[in-house]
Structure formats: structure tokens, C-alpha cells
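J.: Provided herewith is a single structure, encoded as C-alpha cells, for subsequent inquiry.
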There are 2 protein chains.
Amino acid sequence: MKFMEMLRNAWRNSNSLVCVGLDPDLKKLPEKVRETEHPIFEFNKAIIDATAAEVCCYKPQIAYYSGQGADEDLLLTMRYLKSNYPSIPVILDAKRADIGATTNMYAREAFERFHADAVTVNPYMGMDAIKPFLDYAEKGVVVLCRTSNPGAKEIQEVKTAEGIELYKHVARLVAGPWNYNGNTLLVAGATFPEELGQIRTIVGDTPLLVPGIGAQGGDVEKVMKNGMDRNGTGLIINSSRGIIYASSGDDFAEAAGKATRTLKETINRYR
Amino acid sequence: MKFMEMLRNAWRNSNSLVCVGLDPDLKKLPEKVRETEHPIFEFNKAIIDATAAEVCCYKPQIAYYSGQGADEDLLLTMRYLKSNYPSIPVILDAKRADIGATTNMYAREAFERFHADAVTVNPYMGMDAIKPFLDYAEKGVVVLCRTSNPGAKEIQEVKTAEGIELYKHVARLVAGPWNYNGNTLLVAGATFPEELGQIRTIVGDTPLLVPGIGAQGGDVEKVMKNGMDRNGTGLIINSSRGIIYASSGDDFAEAAGKATRTLKETINRYR
């Protein structure tokens with residue numbers, strides 16, 4: 001099944017736009033989990049089981065695995081998701097891009113080694129630097145457009161000679177020529193809801209991955225008002241720290257489930 | 001020792017501006033090597049021993065390791081370099097950038113897990129997305145500016161309202177406010193020597209990493225004429241495929257050594 005179809009089914013079946021970011025920092029995990037052989041995987045497994053009924057997506061951030069020498073925990077997590085929750089799409093957050101021969105290797109990393117359904121990529125090097133991802137027509141390719149961090153404006157809000165900000169130029173490319181396989185999405189941070197609305201106007205019904213809710217301070221109401229597509233969906237609203245660290249005690253999974261339900265309900269109030 | 005000092009020493013001691021890109025594709029390795037337990041490491045080791053006297057840098061591209069499940073080969077390669085050629089700086093080509101908490105993990109990947117002396121990063125998300133790298137004052141941070149691939153122009157040559165191309169705006173940031181620790185470098189592709197010259201004018205003596213010589217078709221004479229700094233150095237000229245696959249037979253290391261010497265001499269003709 002194509003990623004876009006998987007995503008639409010997941011939106012409908014879960015009645016949720018929530019994506020849980022699986023970004024486990026070993027130092028922050030509860031002691032009970034830290035004592036196991038694969039603490040990061042055990043943590044993820046508990047979080048997944050507690051949240052799966054309430055989400056449309058999962059999004060592991062690869063740096064938390066490669067930076068902690070925990071590649072195997074990522075693989076175990078991906079296998080666990082594919083075996084137990086095969087209908088929930090998984091976006092590998094990697095923000096890759098490079099010359100074609102190298103991106104071929106990154107596509108193998110994301111799609112073959114780690115079995116992701118979609119991957120995040122960086123537009124700075126142009127389309128040919130992400131083409132090996134785009135050519136996997138059944139996979140999703142989520143291109144950075146307006147990111148949620150404060151410094152993003154240094155590049156993304158540069159005004160072009162055409163009179164628009166650079167992120168709008170990127171939005172046009174991603175929803176236009178780069179979408180030759182109908183498999184592109186964009187990143188639009190919750191912390192800049194005005195810009196998110198501008199992106200929605202440019203890209204029509206192209207889905208948006210929205211980080212920045214929760215720990216980063218994004219506002220749900222504004223995101224919903226500015227970001228929904230014509231069908232009341234079109235958004236993948238990610239929360240990582242706000243969910244996975246909802247409790248630092250042994251009840252972390254239960255607390256994560258509760259935080260996910262609360263976020264889902266808050267979001268659905270505005271649909 | 002700081003990366004910049006290490007680099008200047010390496011330029012002087014080797015009398016070379018050549019960097020060898022360690023981008024080993026398992027399918028292209030000679031049979032003799034493929035039969036060993038760690039084929040990618042064995043290949044790199046032979047290439048390194050044959051070229052170390054002629055280079056100022058090595059640059060492993062991380063996608064070739066993560067995409068082929070060869071993280072251990074990368075670690076073995078880095079350890080081999082640090083044990084046997086500790087004065088040659090190693091740039092991990094990773095093109096990372098993300099929100100701060102995540103980039104912290106990427107900095108651990110590059111500098112702690114894999115012991116790199118410098119790392120390549122992507123500027124699209126702004127300075128705060130690479131700050132955890134910049135904060136390692138003794139390490140080098142090589143920021144993409146004008147890359148060597150044809151599609152780079154879609155973003156990097158967008159004219160800003162100020163009347164300059166975006167890559168020049170990036171060059172100013174990288175050599176200006178982002179250089180608060182004096183540890184930034186820039187990527188300027190050999191395939192666009194005019195733009196490389198423009199970057200040199202903007203960034204003064206900031207070193208440039210120059211990919212695109214060899215398989216990608218960049219012109220050595222133009223690169224040298226436009227790219228050298230006032231001291232006749234300032235450039236790290238990378239060749240990957242043109243060196244590591246100089247021969248596909250059992251004489252691959254010898255051929256790599258010869259190709260490296262030839263490139264070094266060609267470059268030095270214009271210094």
C-alpha cells in the first residue's frame with residue numbers, strides 16, 4: 001500500500017491526527033527500563049502499546065539511536081511496529097539529502113535497513129539530492145519547509161527577489177515539480193502558525209507534518225485553524241517529549257497513553 | 001589540538017590539498033577484499049595506507065556505512081586512522097542539522113561515537129540547528145554553501161530581495177555570526193568555479209571543502225585560480241570515486257595511491 005493511502009486510512013481509523021515522536025534519551029528513561037538488555041526498545045515498546053489506539057503515525061528520530069549507539073533498538077522498534085501495528089505508518093525523522101549516489105545509500109538506510117514508510121529530508125541541495133527517496137513511489141517523502149526552531153528564520157524567511165519568503169518558494173517546489181510521484185509532504189512548525197497557514201494555501205491538500213506542539217510551545221487551536229485541509233485532516237501533529245516523558249516514574253507508559261488521548265481530544269475539538 | 005590548526009599543519013606537512021573520500025560501495029569492492037570479515041574496513045585500510053603520505057584530510061561519507069549496515073566498519077576505520085595517522089584530520093560527511101536537542105545527539109554520533117575531527121552540516125534550519133556542533137570549539141564544522149550537484153541551483157541560487165543569491169547570504173552567515181568559535185568551513189563545489197570564487201571573496205581565509213573533482217567533472221585549474229586563499233592554501237579538494245576506484249582489480253590500493261599523487265601534483269601546479 002502507498003504511504004499516502006496508509007496515512008489516510010490511519011487518520012480515519014484512529015480518528016486522530018497525533019503522531020508520537022519516539023526520541024528516547026537513555027538518561028531520561030525510568031530505572032525499571034534502564035536495567036533491561038535493550039532499554040530503548042523496551043521503553044518504545046511500552047510507549048507504543050499504550051498509545052497505538054490513539055495515533056495516526058509514529059516518528060522515531062534517528063539521531064537518538066545513532067547518537068547513543070542504539071541502531072539495534074531502532075531496528076527492534078521498527079520490527080515491533082510492523083509486526084504488531086502494521087497499519088500505522090512510521091516516518092523516520094532523518095532530514096537527509098546529498099548527491100544522488102550518496103542519497104541512494106540513505107534511501108537504503110531508511111527504507112530497507114529500517115523499514116520506514118516515510119522519511120524526512122532537507123531541501124537545500126535541490127531535487128536531485130532527494131530524488132532517490134522520491135523514486136520510491138510507495139514511500140512518503142517529508143520535506144522541511146518552515147521548521148519549528150527560532151533560528152529557522154535566518155534562511156527560511158529570507159525574502160526572494162520575487163517578493164516571497166524562501167519557505168514559500170520551497171513549498172511551491174515540493175507540492176509542484178518535486179511531487180511527480182504524488183508522495184511528498186512538508187514540515188511546517190506549530191510554533192509559526194501564520195506561516196503554516198501560508199503553506200497550506202500554497203500546497204492544497206498536501207499533508208503537513210507539524211512538530212513543535214508541547215515542549216516547544218506551539219498552539220493547537222491556531223495550528224488547526226490555519227493548517228487543516230478541506231477534509232478536516234491533512235495534518236500529522238507530532239509530540240515527542242510531551243508524551244514520552246509525561247511521567248518519569250514506572251507509570252510512564254500509562255501517562256503517555258493519557259497524554260496522547262488528551263492531545264487527540266484537544267485537537268479534535270477544532271476539527 | 002584544534003581542527004583548524006590540525007588542518008594547517010596537515011596542509012604544510014603533506015604539501016597537499018587533496019582529501020580522499022572514503023565512500024566504499026560493497027558491490028564495487030575487489031573480490032579479494034569482499035571475502036574478508038570486514039570488507040569495507042579492509043578496503044579503507046588499504047586505501048589509507050596507500051594514500052596517507054599524499055593527503056591533507058580523509059572524508060568518510062556516513063551514508064555508505066549506515067546504508068550498508070556497516071557502522072562497525074566506520075568505527076574500525078576511524079580508530080585505524082587515529083592510531084596510525086593521528087595528525088591527519090578526518091571530516092565525517094553527514095550533512096546533519098536539526099532542532100537543538102536532536103543535534104546534541106548528532107554531535108555525539110560524529111564526535112564521540114565516531115571520533116571525527118570535523119563534520120559537514122546543512123544550513124537550512126539556521127544557526128541554532130547546528131549550534132551543538134559549533135559549540136565543540138576544537139572541532140571543525142563544514143557548512144553547505146554551494147554544492148556540486150546540478151539541482152543545487154533550485155534553492156542556493158535563488159536571488160534574494162537584497163540582490164544576491166542565497167548561497168552568498170549563507171556564506172556571510174557562516175563566516176560571520178556562525179563563526180563565533182572560529183571553527184567554521186564551507187562547502188563549495190568544484191563544478192561551479194565562478195560561485196566558488198564569489199564565496200572566497202565573501203569569506204576571506206575561511207577554508208573551503210571542495211567536492212566535485214573527478215567523477216563529477218570539476219576543473220582543477222579554475223578551482224585553484226578562484227578558490228585559493230592568500231597563502232596558496234585554504235582548500236580541501238575531495239576526490240572519492242576517482243581515487244578509491246582507480247582500479248577495480250587487486251591493485252586497487254596501488255592505483256589509488258597513484259591517482260592521489262597525480263591529483264596532488266596537478267593541483268600543486270597551480271599553487
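In the C-alpha cells, each chain is lettered A, B, ... as it comes, each chain's residues begin at 1, and ligands are numbered from 1 in order of appearance.
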Give me, as a PyMOL selection string, all polymer residues having an atom no more than 10 Å from Lys28 (chain B), counting only C-alpha atoms and skipping those fewer than 2 positions away in the same chain.
T.: chain B and resi 24-26+30-31+34+244-245+248
J.: Keeping only N, CA and C atoms, write those residues as an mmCIF file, in the first residue's frame.
T.:
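Output (part-v9.cif):
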data_model
loop_
_atom_site.group_PDB
_atom_site.id
_atom_site.type_symbol
_atom_site.label_atom_id
_atom_site.label_comp_id
_atom_site.auth_asym_id
_atom_site.auth_seq_id
_atom_site.Cartn_x
_atom_site.Cartn_y
_atom_site.Cartn_z
ATOM 1 N N PRO B 24 32.945 3.685 0.375
ATOM 2 C CA PRO B 24 33.035 2.350 -0.216
ATOM 3 C C PRO B 24 31.679 1.680 -0.425
ATOM 4 N N ASP B 25 31.384 1.355 -1.667
ATOM 5 C CA ASP B 25 30.171 0.617 -2.014
ATOM 6 C C ASP B 25 30.553 -0.865 -2.106
ATOM 7 N N LEU B 26 29.970 -1.654 -1.223
ATOM 8 C CA LEU B 26 30.308 -3.082 -1.121
ATOM 9 C C LEU B 26 30.319 -3.772 -2.489
ATOM 10 N N PRO B 30 36.875 -4.995 -4.733
ATOM 11 C CA PRO B 30 37.535 -6.156 -5.349
ATOM 12 C C PRO B 30 37.221 -7.438 -4.570
ATOM 13 N N GLU B 31 37.157 -8.542 -5.298
ATOM 14 C CA GLU B 31 36.767 -9.817 -4.700
ATOM 15 C C GLU B 31 37.650 -10.182 -3.512
ATOM 16 N N ARG B 34 36.297 -8.490 -0.583
ATOM 17 C CA ARG B 34 34.928 -8.881 -0.221
ATOM 18 C C ARG B 34 34.863 -10.169 0.596
ATOM 19 N N ILE B 244 39.307 5.984 -5.069
ATOM 20 C CA ILE B 244 39.137 4.653 -4.463
ATOM 21 C C ILE B 244 38.802 3.569 -5.490
ATOM 22 N N TYR B 245 38.262 3.987 -6.645
ATOM 23 C CA TYR B 245 38.007 3.003 -7.708
ATOM 24 C C TYR B 245 38.933 3.208 -8.909
ATOM 25 N N SER B 248 39.748 -1.552 -10.375
ATOM 26 C CA SER B 248 38.793 -2.467 -9.741
ATOM 27 C C SER B 248 39.444 -3.816 -9.446
#
J.: Report as a tab-separated table: every residue of chain B with an atom at most 8 Å from chain A, its closest pair of atoms, and their distance in Å to one decimal, counting only C-alpha atoms, with rows sorted by chain and ascending residue number.
T.:
residue	atom	partner	partner_atom	distance
B:Gln61	CA	A:Thr102	CA	7.9
B:Ala63	CA	A:Tyr106	CA	5.4
B:Tyr64	CA	A:Met105	CA	5.8
B:Ser66	CA	A:Glu109	CA	6.0
B:Gly67	CA	A:Glu109	CA	4.1
B:Gln68	CA	A:Glu109	CA	7.2
B:Gly69	CA	A:Arg113	CA	7.3
B:Lys95	CA	A:Arg96	CA	7.4
B:Arg96	CA	A:Arg96	CA	7.3
B:Ala97	CA	A:Lys95	CA	7.5
B:Asp98	CA	A:Lys95	CA	7.6
B:Ile99	CA	A:Asn149	CA	6.1
B:Thr102	CA	A:Ala63	CA	6.3
B:Thr103	CA	A:Ala63	CA	7.5
B:Met105	CA	A:Gly67	CA	4.8
B:Tyr106	CA	A:Ala63	CA	5.4
B:Ala107	CA	A:Gly67	CA	7.4
B:Arg108	CA	A:Gly67	CA	5.2
B:Glu109	CA	A:Gly67	CA	4.1
B:Ala110	CA	A:Gly67	CA	7.9
B:Arg113	CA	A:Gly67	CA	7.0
B:Asn122	CA	A:Tyr124	CA	7.5
B:Pro123	CA	A:Ile155	CA	7.6
B:Tyr124	CA	A:Ile155	CA	5.9
B:Met125	CA	A:Ala152	CA	4.6
B:Gly126	CA	A:Ala152	CA	4.7
B:Met127	CA	A:Gly151	CA	5.9
B:Asp128	CA	A:Gly151	CA	5.4
B:Ala129	CA	A:Gly151	CA	7.3
B:Thr147	CA	A:Met125	CA	6.7
B:Ser148	CA	A:Ile99	CA	7.9
B:Asn149	CA	A:Ile99	CA	6.1
B:Pro150	CA	A:Asp128	CA	7.5
B:Gly151	CA	A:Gly126	CA	4.8
B:Ala152	CA	A:Met125	CA	4.5
B:Lys153	CA	A:Gly126	CA	6.9
B:Glu154	CA	A:Gly126	CA	5.4
B:Ile155	CA	A:Tyr124	CA	5.9
B:Gln156	CA	A:Tyr124	CA	6.9
B:Val158	CA	A:Thr160	CA	6.9
B:Lys159	CA	A:Ala161	CA	5.4
B:Thr160	CA	A:Thr160	CA	3.9
B:Ala161	CA	A:Ala161	CA	4.1
B:Glu162	CA	A:Ala161	CA	7.4
B:Gly163	CA	A:Ala161	CA	6.8
B:Val170	CA	A:Ile155	CA	7.7
J.: Set the distance at 6 Å and use only C-alpha atoms: which residues neighbour region 212-220 of chain A once local chain neighbours fewer than 5 positions away are removed? I'd like the list as number ranges by chain.
T.: A: 148, 189-191, 239, 242
J.: Might you pull out every residue within 6 Å of region 255-260 of chain B, with only C-alpha atoms counted and same-chain residues fewer than 4 positions away left off, and present them as a list in words?
T.: Ala50, Thr51, Ile243, Ile244, Ala246 and Ser247 of chain B
J.: If you run DSSP on the backbone here, which positions in region 85-124 of chain A get strand (DSSP E)? Please write them as a count of residues only.
T.: 10
J.: Residues of region 52-257 of chain B classed as helix (DSSP H, G or I) by DSSP on the backbone are to be reported as number ranges by chain.
T.: B: 52-54, 63-66, 71-84, 100-113, 127-129, 131-134, 150-156, 166-175, 177-179, 193-203, 220-227, 241-244, 252-257
J.: Mind checking which residues fall within 9 Å of Ile48 (chain A), counting only C-alpha atoms, ignoring those fewer than 2 positions away in the same chain, and posting them as a PyMOL selection string?
T.: chain A and resi 20+22+43-46+50-52+58+81+253+257
J.: Any idea what's packed within 8 Å of Leu208 (chain A), counting only C-alpha atoms, ignoring anything in its chain fewer than 2 positions away? Could you give it as JSON, numbers by chain?
T.: {"A": [185, 186, 187, 188, 206, 210, 227, 234, 235, 236]}
J.: Quick one: write out the picked residues with C-alpha atoms as an mmCIF file, in the first residue's frame?
T.:
data_model
loop_
_atom_site.group_PDB
_atom_site.id
_atom_site.type_symbol
_atom_site.label_atom_id
_atom_site.label_comp_id
_atom_site.auth_asym_id
_atom_site.auth_seq_id
_atom_site.Cartn_x
_atom_site.Cartn_y
_atom_site.Cartn_z
ATOM 1 C CA LEU A 185 4.636 16.059 2.362
ATOM 2 C CA LEU A 186 6.043 19.148 4.101
ATOM 3 C CA VAL A 187 7.252 20.085 7.564
ATOM 4 C CA ALA A 188 5.561 23.201 8.977
ATOM 5 C CA THR A 206 -0.606 18.032 0.556
ATOM 6 C CA VAL A 210 3.720 19.611 12.315
ATOM 7 C CA GLY A 227 -3.425 24.034 8.853
ATOM 8 C CA GLY A 234 -4.123 16.941 6.273
ATOM 9 C CA LEU A 235 -2.076 17.255 9.473
ATOM 10 C CA ILE A 236 0.300 14.946 11.303
#
J.: Which residues are close to Glu138 (chain A), i.e. within 8 Å by only C-alpha atoms, leaving aside same-chain residues fewer than 5 positions away? Reply as a PDB file with N, CA, C and O atoms, in the first residue's frame.
T.:
ATOM      1  N   MET A   1       0.836  -1.203   0.000  1.00  0.00           N
ATOM      2  CA  MET A   1       0.000   0.000   0.000  1.00  0.00           C
ATOM      3  C   MET A   1       0.878   1.262   0.000  1.00  0.00           C
ATOM      4  O   MET A   1       1.909   1.294   0.651  1.00  0.00           O
ATOM      5  N   LYS A   2       0.437   2.262  -0.744  1.00  0.00           N
ATOM      6  CA  LYS A   2       1.216   3.502  -0.779  1.00  0.00           C
ATOM      7  C   LYS A   2       1.112   4.251   0.540  1.00  0.00           C
ATOM      8  O   LYS A   2       0.073   4.207   1.206  1.00  0.00           O
ATOM      9  N   PHE A   3       2.158   5.010   0.862  1.00  0.00           N
ATOM     10  CA  PHE A   3       2.180   5.740   2.127  1.00  0.00           C
ATOM     11  C   PHE A   3       0.968   6.652   2.274  1.00  0.00           C
ATOM     12  O   PHE A   3       0.347   6.720   3.338  1.00  0.00           O
ATOM     13  N   ASN A 183       4.015  11.733  -3.781  1.00  0.00           N
ATOM     14  CA  ASN A 183       4.384  11.198  -2.467  1.00  0.00           C
ATOM     15  C   ASN A 183       5.106  12.197  -1.560  1.00  0.00           C
ATOM     16  O   ASN A 183       5.779  11.808  -0.619  1.00  0.00           O
TER      17      ASN A 183
END
J.: Calculated over only C-alpha atoms, which of the candidates B:Val143, B:Ala116, B:Cys57, B:Met228 has the smallest distance to Leu75 (chain B)?
T.: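 Checking each of B:Val143, B:Ala116, B:Cys57, B:Met228 against Leu75 (chain B), counting only C-alpha atoms, the winner is B:Ala116.
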J.: State, in Å with one decimal place, the distance from CA of His38 (chain B) to CA of Pro60 (chain B).
T.: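 Answer for the CA of His38 (chain B) to CA of Pro60 (chain B) separation: 16.0 Å.
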